[in-house]
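A.B. asks: Provided below: my_file-v2.cif, containing mmCIF, C-alpha atoms.
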```cif
data_query
loop_
_atom_site.label_atom_id
_atom_site.label_comp_id
_atom_site.auth_asym_id
_atom_site.auth_seq_id
_atom_site.Cartn_x
_atom_site.Cartn_y
_atom_site.Cartn_z
CA MET A 1 -23.39 15.87 -3.39
CA SER A 2 -20.55 18.36 -3.19
CA ASP A 3 -19.27 20.00 -6.36
CA TRP A 4 -15.92 18.34 -5.79
CA ARG A 5 -17.40 14.83 -5.66
CA ARG A 6 -19.59 15.46 -8.72
CA ASP A 7 -16.63 16.83 -10.68
CA TRP A 8 -14.46 13.92 -9.52
CA LYS A 9 -16.95 11.36 -10.82
CA GLU A 10 -17.47 13.21 -14.11
CA THR A 11 -13.78 13.98 -14.78
CA PRO A 12 -11.35 11.29 -13.67
CA PHE A 13 -8.38 13.23 -15.05
CA LEU A 14 -5.62 14.26 -12.70
CA GLY A 15 -4.86 17.37 -14.69
CA ILE A 16 -1.19 17.26 -13.71
CA PRO A 17 1.65 15.05 -14.90
CA ALA A 18 1.76 11.92 -12.75
CA VAL A 19 3.41 8.52 -12.83
CA ALA A 20 2.26 5.34 -11.08
CA LEU A 21 5.04 2.88 -10.30
CA CYS A 22 3.85 -0.65 -11.02
CA ARG A 23 5.20 -4.09 -10.29
CA PRO A 24 3.87 -7.52 -11.27
CA ARG A 25 1.37 -8.76 -8.70
CA GLU A 26 3.45 -11.81 -7.77
CA THR A 27 6.42 -9.55 -7.10
CA LEU A 28 4.24 -7.35 -4.89
CA HIS A 29 3.00 -10.39 -2.98
CA THR A 30 6.55 -11.59 -2.38
CA ARG A 31 7.64 -8.13 -1.22
CA ILE A 32 4.60 -7.75 1.06
CA GLU A 33 5.23 -11.11 2.67
CA GLY A 34 8.92 -10.34 3.17
CA ARG A 35 8.16 -6.94 4.70
CA LEU A 36 5.56 -8.40 7.06
CA ASP A 37 7.90 -11.16 8.19
CA ALA A 38 10.64 -8.59 8.81
CA MET A 39 8.22 -6.51 10.90
CA LEU A 40 7.15 -9.55 12.93
CA ASP A 41 10.77 -10.63 13.42
CA GLY A 42 11.67 -7.06 14.35
CA GLY A 43 9.28 -6.81 17.28
CA PHE A 44 6.00 -5.58 15.80
CA VAL A 45 3.93 -7.70 18.20
CA ALA A 46 5.79 -6.28 21.22
CA GLU A 47 5.41 -2.75 19.83
CA VAL A 48 1.64 -3.17 19.45
CA GLU A 49 1.41 -4.65 22.94
CA THR A 50 3.37 -1.72 24.41
CA ILE A 51 1.10 0.82 22.74
CA ALA A 52 -2.04 -1.10 23.78
CA GLN A 53 -0.89 -1.19 27.42
CA GLY A 54 0.23 2.45 27.36
CA SER A 55 -1.68 5.18 25.60
CA GLY A 56 -3.81 2.72 23.65
CA PHE A 57 -5.15 2.97 20.13
CA GLY A 58 -7.77 5.32 18.73
CA VAL A 59 -10.73 3.86 16.86
CA THR A 60 -9.17 4.34 13.43
CA ALA A 61 -5.73 3.03 14.41
CA ARG A 62 -7.30 -0.02 16.06
CA ARG A 63 -8.84 -0.97 12.69
CA ALA A 64 -5.68 -0.39 10.61
CA ILE A 65 -4.24 -3.33 8.67
CA GLY A 66 -1.74 -5.12 10.87
CA TYR A 67 -2.71 -3.50 14.14
CA ALA A 68 -6.23 -4.97 14.16
CA GLU A 69 -4.97 -8.49 13.58
CA ILE A 70 -2.14 -8.27 16.11
CA LEU A 71 -4.49 -6.81 18.71
CA ASP A 72 -6.83 -9.74 18.07
CA HIS A 73 -3.87 -12.08 18.52
CA LEU A 74 -2.91 -10.39 21.80
CA ASP A 75 -6.51 -10.72 23.00
CA GLY A 76 -6.34 -14.47 22.31
CA GLY A 77 -8.68 -14.44 19.30
CA LEU A 78 -6.06 -15.48 16.74
CA SER A 79 -2.83 -17.40 16.70
CA LEU A 80 0.14 -15.42 15.41
CA GLU A 81 0.08 -17.42 12.18
CA GLU A 82 -3.65 -16.68 11.69
CA ALA A 83 -2.98 -12.98 12.34
CA ARG A 84 -0.12 -13.04 9.82
CA GLU A 85 -2.31 -14.65 7.15
CA ARG A 86 -5.11 -12.14 7.72
CA ILE A 87 -2.65 -9.26 7.44
CA LEU A 88 -1.39 -10.67 4.14
CA VAL A 89 -4.92 -11.06 2.77
CA SER A 90 -5.93 -7.55 3.87
CA THR A 91 -2.79 -6.00 2.42
CA ARG A 92 -3.22 -7.80 -0.91
CA THR A 93 -6.84 -6.64 -1.03
CA LEU A 94 -5.69 -3.06 -0.44
CA VAL A 95 -3.14 -3.37 -3.25
CA ARG A 96 -5.86 -4.59 -5.64
CA ARG A 97 -8.11 -1.66 -4.69
CA GLN A 98 -5.28 0.81 -5.18
CA GLU A 99 -4.49 -0.64 -8.60
CA THR A 100 -8.17 -0.41 -9.60
CA TRP A 101 -8.35 3.20 -8.39
CA LEU A 102 -5.20 4.15 -10.30
CA ARG A 103 -6.61 2.65 -13.51
CA SER A 104 -9.49 5.16 -13.27
CA PHE A 105 -7.12 7.97 -14.33
CA PRO A 106 -6.60 7.86 -18.09
CA ASP A 107 -3.84 10.49 -17.97
CA LEU A 108 -1.77 8.63 -15.38
CA VAL A 109 1.40 7.14 -16.86
CA ARG A 110 2.10 3.61 -15.66
CA LEU A 111 5.79 2.92 -15.18
CA GLU A 112 6.59 -0.77 -14.94
CA ALA A 113 9.38 -1.38 -12.46
CA GLU A 114 12.04 -3.90 -13.32
CA GLU A 115 12.31 -6.92 -10.99
CA GLU A 116 15.14 -5.66 -8.78
CA GLU A 117 15.18 -2.00 -9.81
CA ASP A 118 16.17 0.32 -6.98
CA ALA A 119 14.32 3.46 -5.89
CA GLY A 120 16.92 5.78 -7.41
CA SER A 121 16.60 4.24 -10.84
CA LEU A 122 12.79 4.34 -10.67
CA ALA A 123 12.84 7.97 -9.57
CA GLY A 124 15.15 8.84 -12.44
CA ARG A 125 12.94 7.13 -15.02
CA ALA A 126 9.81 8.78 -13.56
CA ALA A 127 11.49 12.20 -13.59
CA ALA A 128 12.54 11.74 -17.20
CA ILE A 129 8.95 10.97 -18.19
CA LEU A 130 7.53 13.88 -16.18
CA CYS A 131 10.09 16.31 -17.62
CA GLY A 132 9.33 15.13 -21.15
CA GLU A 133 12.84 13.83 -21.70
CA VAL A 134 11.52 10.44 -22.82
CA SER A 135 8.14 9.33 -24.08
CA SER A 136 5.93 7.47 -21.65
CA PRO A 137 6.02 3.67 -21.88
#
```
Using structure tokens, write down the structure that the file contains.
C.D. replies:
Amino acid sequence: MSDWRRDWKETPFLGIPAVALCRPRETLHTRIEGRLDAMLDGGFVAEVETIAQGSGFGVTARRAIGYAEILDHLDGGLSLEEARERILVSTRTLVRRQETWLRSFPDLVRLEAEEEEDAGSLAGRAAAILCGEVSSP
């Protein structure tokens, strides 16, 4: 095992000031679903089809969340609704894994985002914590 991997497993500290922006899971699910629907309404299926018929997808890109399911839909393996549901499940699973991974860092400050808080406000609150202007939540 490399020194880096051994050290990583033994010391889960980031060693630098860092903030993780967090939202309630239900809020994330709603936002994920809205974003996916906007992508589908905005021509994501046609975009994937164009790429597939043109330069094609590499092995990694072909397996990426969203692309894999839409490619399966285009190949006739899934209805669009089935592809949509699989994308939602895969994305939610990824979110859970990311949250679990972030919890492994005891020095990471979790910043709970307000329901409709905009990016500018979040960035300002995160900067204030990182600069030591306010105590972490």
A.B. asks: Mind pulling up the distance from atom CA of Ser55 of chain A to atom CA of Leu94 of chain A?
C.D. replies: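 Answer for the atom CA of Leu94 of chain A to atom CA of Ser55 of chain A separation: 27.6 Å.
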A.B. asks: Evaluated on this file, the PyMOL selection byres ((chain A and resi 115) around 9) picks out some residues - which ones are they, written as a list in words?
C.D. replies: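 Output from the PyMOL selection byres ((chain A and resi 115) around 9), applied to this file: Arg23, Pro24, Thr27, Ala113, Glu114, Glu116 and Glu117 of chain A.
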A.B. asks: Find the distance between atom CA of Phe105 of chain A and atom CA of Phe13 of chain A and write it in Å to one decimal.
C.D. replies: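 Taking atom CA of Phe105 of chain A and atom CA of Phe13 of chain A, their separation equals 5.5 Å.
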A.B. asks: Selection in question (the file shown): the PyMOL selection byres ((chain A and resi 126) around 12). Which residues does it include, as a JSON list (two decimals) with C-alpha atoms, in the coordinates of the input?
C.D. replies:
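Ended up saving to part-v7.json:
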```
[["chain", "number", "residue", "atom", "x", "y", "z"],
["A", 17, "PRO", "CA", 1.65, 15.05, -14.90],
["A", 18, "ALA", "CA", 1.76, 11.92, -12.75],
["A", 19, "VAL", "CA", 3.41, 8.52, -12.83],
["A", 20, "ALA", "CA", 2.26, 5.34, -11.08],
["A", 21, "LEU", "CA", 5.04, 2.88, -10.30],
["A", 22, "CYS", "CA", 3.85, -0.65, -11.02],
["A", 108, "LEU", "CA", -1.77, 8.63, -15.38],
["A", 109, "VAL", "CA", 1.40, 7.14, -16.86],
["A", 110, "ARG", "CA", 2.10, 3.61, -15.66],
["A", 111, "LEU", "CA", 5.79, 2.92, -15.18],
["A", 112, "GLU", "CA", 6.59, -0.77, -14.94],
["A", 113, "ALA", "CA", 9.38, -1.38, -12.46],
["A", 119, "ALA", "CA", 14.32, 3.46, -5.89],
["A", 120, "GLY", "CA", 16.92, 5.78, -7.41],
["A", 121, "SER", "CA", 16.60, 4.24, -10.84],
["A", 122, "LEU", "CA", 12.79, 4.34, -10.67],
["A", 123, "ALA", "CA", 12.84, 7.97, -9.57],
["A", 124, "GLY", "CA", 15.15, 8.84, -12.44],
["A", 125, "ARG", "CA", 12.94, 7.13, -15.02],
["A", 127, "ALA", "CA", 11.49, 12.20, -13.59],
["A", 128, "ALA", "CA", 12.54, 11.74, -17.20],
["A", 129, "ILE", "CA", 8.95, 10.97, -18.19],
["A", 130, "LEU", "CA", 7.53, 13.88, -16.18],
["A", 131, "CYS", "CA", 10.09, 16.31, -17.62],
["A", 132, "GLY", "CA", 9.33, 15.13, -21.15],
["A", 133, "GLU", "CA", 12.84, 13.83, -21.70],
["A", 134, "VAL", "CA", 11.52, 10.44, -22.82],
["A", 135, "SER", "CA", 8.14, 9.33, -24.08],
["A", 136, "SER", "CA", 5.93, 7.47, -21.65],
["A", 137, "PRO", "CA", 6.02, 3.67, -21.88]]
```
A.B. asks: Counting only C-alpha atoms, figure out which residue out of A:Gly58, A:Thr91, A:Arg86, A:Glu47 gets nearest to Arg35 of chain A.
C.D. replies: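 Going through A:Gly58, A:Thr91, A:Arg86, A:Glu47 one by one, the smallest distance to Arg35 of chain A is for A:Thr91.
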A.B. asks: So which residues touch Leu80 of chain A within 12 Å, counting only C-alpha atoms, skipping near sequence neighbours fewer than 3 positions away, as a PyMOL selection string?
C.D. replies: chain A and resi 37+40-41+44-45+66+69-77+83-87
A.B. asks: As an exercise, work out the distance from atom CA of Tyr67 of chain A to atom CA of Ala52 of chain A in Å and give it to one decimal place.
C.D. replies: 10.0 Å
A.B. asks: Enclose the full set of atoms of segment 118-129 of chain A listed in the file within a box whose edges lie along x, y and z, apply 4 Å of padding to each of the six sides, and report centre and edge lengths in Å to one decimal as lines of an AutoDock Vina configuration file.
C.D. replies:
```
center_x = 12.9
center_y = 6.3
center_z = -12.0
size_x = 16.0
size_y = 19.9
size_z = 20.3
```
A.B. asks: Pick from A:Ile65, A:Val89, A:Val95, A:Ile16: nearest to Leu28 of chain A, with all atoms listed in the file counted?
C.D. replies: A:Val95
A.B. asks: Give the answer as one residue: which of A:Phe57, A:Arg63, A:Thr50, A:Leu88 has the shortest atom-to-atom distance to Glu33 of chain A, using only C-alpha atoms?
C.D. replies: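 Smallest distance to Glu33 of chain A is found for A:Leu88.
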